[in-house]
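Trainee: So I've got this file, protein-v3.pdb, and it contains PDB, C-alpha atoms, pLDDT in the B column:
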MODEL        1
ATOM      1  CA  MET A   1     173.454 313.305  66.799  1.00 48.00           C
ATOM      2  CA  ARG A   2     175.594 316.339  66.140  1.00 52.00           C
ATOM      3  CA  SER A   3     175.915 319.037  68.781  1.00 53.00           C
ATOM      4  CA  GLU A   4     175.719 322.589  67.470  1.00 56.00           C
ATOM      5  CA  LEU A   5     175.203 325.988  68.968  1.00 51.00           C
ATOM      6  CA  PRO A   6     172.198 327.940  67.701  1.00 54.00           C
ATOM      7  CA  VAL A   7     172.871 329.980  64.585  1.00 58.00           C
ATOM      8  CA  ALA A   8     172.728 333.525  65.896  1.00 60.00           C
ATOM      9  CA  PRO A   9     174.996 336.558  65.791  1.00 59.00           C
ATOM     10  CA  GLY A  10     178.064 336.079  67.967  1.00 59.00           C
ATOM     11  CA  THR A  11     177.877 332.275  68.119  1.00 56.00           C
ATOM     12  CA  THR A  12     179.933 329.666  66.330  1.00 56.00           C
ATOM     13  CA  ARG A  13     179.314 326.039  65.482  1.00 57.00           C
ATOM     14  CA  MET A  14     180.848 323.308  67.606  1.00 57.00           C
ATOM     15  CA  PRO A  15     183.868 321.664  65.988  1.00 61.00           C
ATOM     16  CA  GLU A  16     183.454 318.406  64.133  1.00 83.00           C
ATOM     17  CA  HIS A  17     184.580 315.327  66.021  1.00 86.00           C
ATOM     18  CA  ARG A  18     188.101 314.425  64.928  1.00 90.00           C
ATOM     19  CA  VAL A  19     189.734 311.519  66.711  1.00 92.00           C
ATOM     20  CA  ALA A  20     193.464 310.824  66.688  1.00 94.00           C
ATOM     21  CA  VAL A  21     195.391 308.000  68.328  1.00 95.00           C
ATOM     22  CA  SER A  22     198.590 309.136  70.035  1.00 95.00           C
ATOM     23  CA  GLU A  23     201.360 307.294  71.801  1.00 95.00           C
ATOM     24  CA  ARG A  24     203.224 308.180  74.944  1.00 94.00           C
ATOM     25  CA  GLY A  25     205.915 305.665  75.774  1.00 95.00           C
ATOM     26  CA  SER A  26     204.407 302.185  75.547  1.00 95.00           C
ATOM     27  CA  PHE A  27     200.848 303.498  75.915  1.00 96.00           C
ATOM     28  CA  ALA A  28     198.347 304.600  73.263  1.00 97.00           C
ATOM     29  CA  PHE A  29     195.256 306.722  73.760  1.00 96.00           C
ATOM     30  CA  ALA A  30     192.581 308.285  71.596  1.00 96.00           C
ATOM     31  CA  THR A  31     191.725 311.984  71.792  1.00 95.00           C
ATOM     32  CA  CYS A  32     188.946 313.955  70.128  1.00 93.00           C
ATOM     33  CA  SER A  33     188.689 317.597  69.104  1.00 89.00           C
ATOM     34  CA  CYS A  34     185.626 317.886  71.385  1.00 89.00           C
ATOM     35  CA  GLY A  35     187.807 317.266  74.474  1.00 90.00           C
ATOM     36  CA  TRP A  36     187.023 313.570  74.966  1.00 92.00           C
ATOM     37  CA  TYR A  37     189.922 311.188  75.557  1.00 93.00           C
ATOM     38  CA  SER A  38     190.272 307.490  76.244  1.00 94.00           C
ATOM     39  CA  ALA A  39     192.230 305.807  78.969  1.00 94.00           C
ATOM     40  CA  ALA A  40     195.860 304.992  78.176  1.00 95.00           C
ATOM     41  CA  ARG A  41     196.122 301.462  76.790  1.00 95.00           C
ATOM     42  CA  ARG A  42     199.046 299.192  75.967  1.00 95.00           C
ATOM     43  CA  SER A  43     196.971 297.887  73.049  1.00 95.00           C
ATOM     44  CA  ARG A  44     196.997 300.357  70.153  1.00 95.00           C
ATOM     45  CA  ASP A  45     194.136 298.414  68.579  1.00 96.00           C
ATOM     46  CA  LEU A  46     191.987 298.898  71.687  1.00 96.00           C
ATOM     47  CA  ALA A  47     192.701 302.649  71.693  1.00 96.00           C
ATOM     48  CA  ARG A  48     191.671 302.795  68.006  1.00 95.00           C
ATOM     49  CA  ARG A  49     188.470 300.850  68.726  1.00 96.00           C
ATOM     50  CA  GLU A  50     187.582 303.191  71.606  1.00 96.00           C
ATOM     51  CA  GLY A  51     188.122 306.188  69.309  1.00 94.00           C
ATOM     52  CA  ALA A  52     185.982 304.568  66.618  1.00 94.00           C
ATOM     53  CA  GLY A  53     183.287 303.924  69.221  1.00 94.00           C
ATOM     54  CA  HIS A  54     183.308 307.595  70.204  1.00 92.00           C
ATOM     55  CA  LEU A  55     182.941 308.614  66.550  1.00 91.00           C
ATOM     56  CA  ALA A  56     180.132 306.115  66.026  1.00 90.00           C
ATOM     57  CA  GLN A  57     178.277 307.579  68.991  1.00 90.00           C
ATOM     58  CA  TYR A  58     178.936 311.305  68.489  1.00 85.00           C
ATOM     59  CA  GLY A  59     180.433 311.906  65.041  1.00 67.00           C
ATOM     60  CA  ALA A  60     181.261 310.158  61.831  1.00 60.00           C
ATOM     61  CA  GLY A  61     184.336 308.887  60.070  1.00 54.00           C
ATOM     62  CA  GLU A  62     187.425 306.936  61.067  1.00 56.00           C
ATOM     63  CA  PRO A  63     190.082 307.815  63.634  1.00 55.00           C
ATOM     64  CA  ASP A  64     193.295 309.384  62.263  1.00 58.00           C
TER      65      ASP A  64
ENDMDL
END
Now that the file is in, can you turn its structure into structure tokens?
Mentor:
Amino acid sequence: MRSELPVAPGTTRMPEHRVAVSERGSFAFATCSCGWYSAARRSRDLARREGAGHLAQYGAGEPD
């Protein structure tokens, strides 16, 4: 399911879901262009899987 605003004058489409995995110190977390973010994890693999789960539910593609 893709969320979009109605096509009408003065409105814009919602951004595509783009997930990236970032690191801060020894923690990794996934963030999405829609504003979603995962909890900080010591496991980079777990952060990637949470990002992939978000994309599977709300978008498409693989995390960056």
Trainee: What is the atom CA of Tyr58 of chain A to atom CA of His17 of chain A distance in Å?
Mentor: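 Pair atom CA of Tyr58 of chain A / atom CA of His17 of chain A returns 7.4 Å.
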Trainee: Report as a count of residues only the residues that result from applying the PyMOL selection byres ((chain A and resi 27) around 8) to the structure here.
Mentor: 11
Trainee: Have a look at atom CA of Arg18 of chain A and atom CA of Tyr37 of chain A and let me know their distance in Å, one decimal.
Mentor: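 Pair atom CA of Arg18 of chain A / atom CA of Tyr37 of chain A returns 11.3 Å.
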Trainee: Please compute the atom CA of Ala56 of chain A-atom CA of Ser22 of chain A distance, one decimal, in Å.
Mentor: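 Computing it gives 19.1 Å between the two atoms.
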Trainee: Quick one: which residues end up in the PyMOL selection byres ((chain A and resi 48-53) around 9) for this structure, as a ChimeraX atom specification?
Mentor: /A:19-21,28-32,37-38,43-47,54-58,60-64
Trainee: Kindly save the residues from that selection, with C-alpha atoms included, as a compact mmCIF listing (two decimals), in the frame of the given file.
Mentor:
# COMPACT_ATOMS: atom_id res chain seq x y z
CA VAL A 19 189.73 311.52 66.71
CA ALA A 20 193.46 310.82 66.69
CA VAL A 21 195.39 308.00 68.33
CA ALA A 28 198.35 304.60 73.26
CA PHE A 29 195.26 306.72 73.76
CA ALA A 30 192.58 308.29 71.60
CA THR A 31 191.72 311.98 71.79
CA CYS A 32 188.95 313.96 70.13
CA TYR A 37 189.92 311.19 75.56
CA SER A 38 190.27 307.49 76.24
CA SER A 43 196.97 297.89 73.05
CA ARG A 44 197.00 300.36 70.15
CA ASP A 45 194.14 298.41 68.58
CA LEU A 46 191.99 298.90 71.69
CA ALA A 47 192.70 302.65 71.69
CA HIS A 54 183.31 307.60 70.20
CA LEU A 55 182.94 308.61 66.55
CA ALA A 56 180.13 306.12 66.03
CA GLN A 57 178.28 307.58 68.99
CA TYR A 58 178.94 311.30 68.49
CA ALA A 60 181.26 310.16 61.83
CA GLY A 61 184.34 308.89 60.07
CA GLU A 62 187.42 306.94 61.07
CA PRO A 63 190.08 307.82 63.63
CA ASP A 64 193.30 309.38 62.26
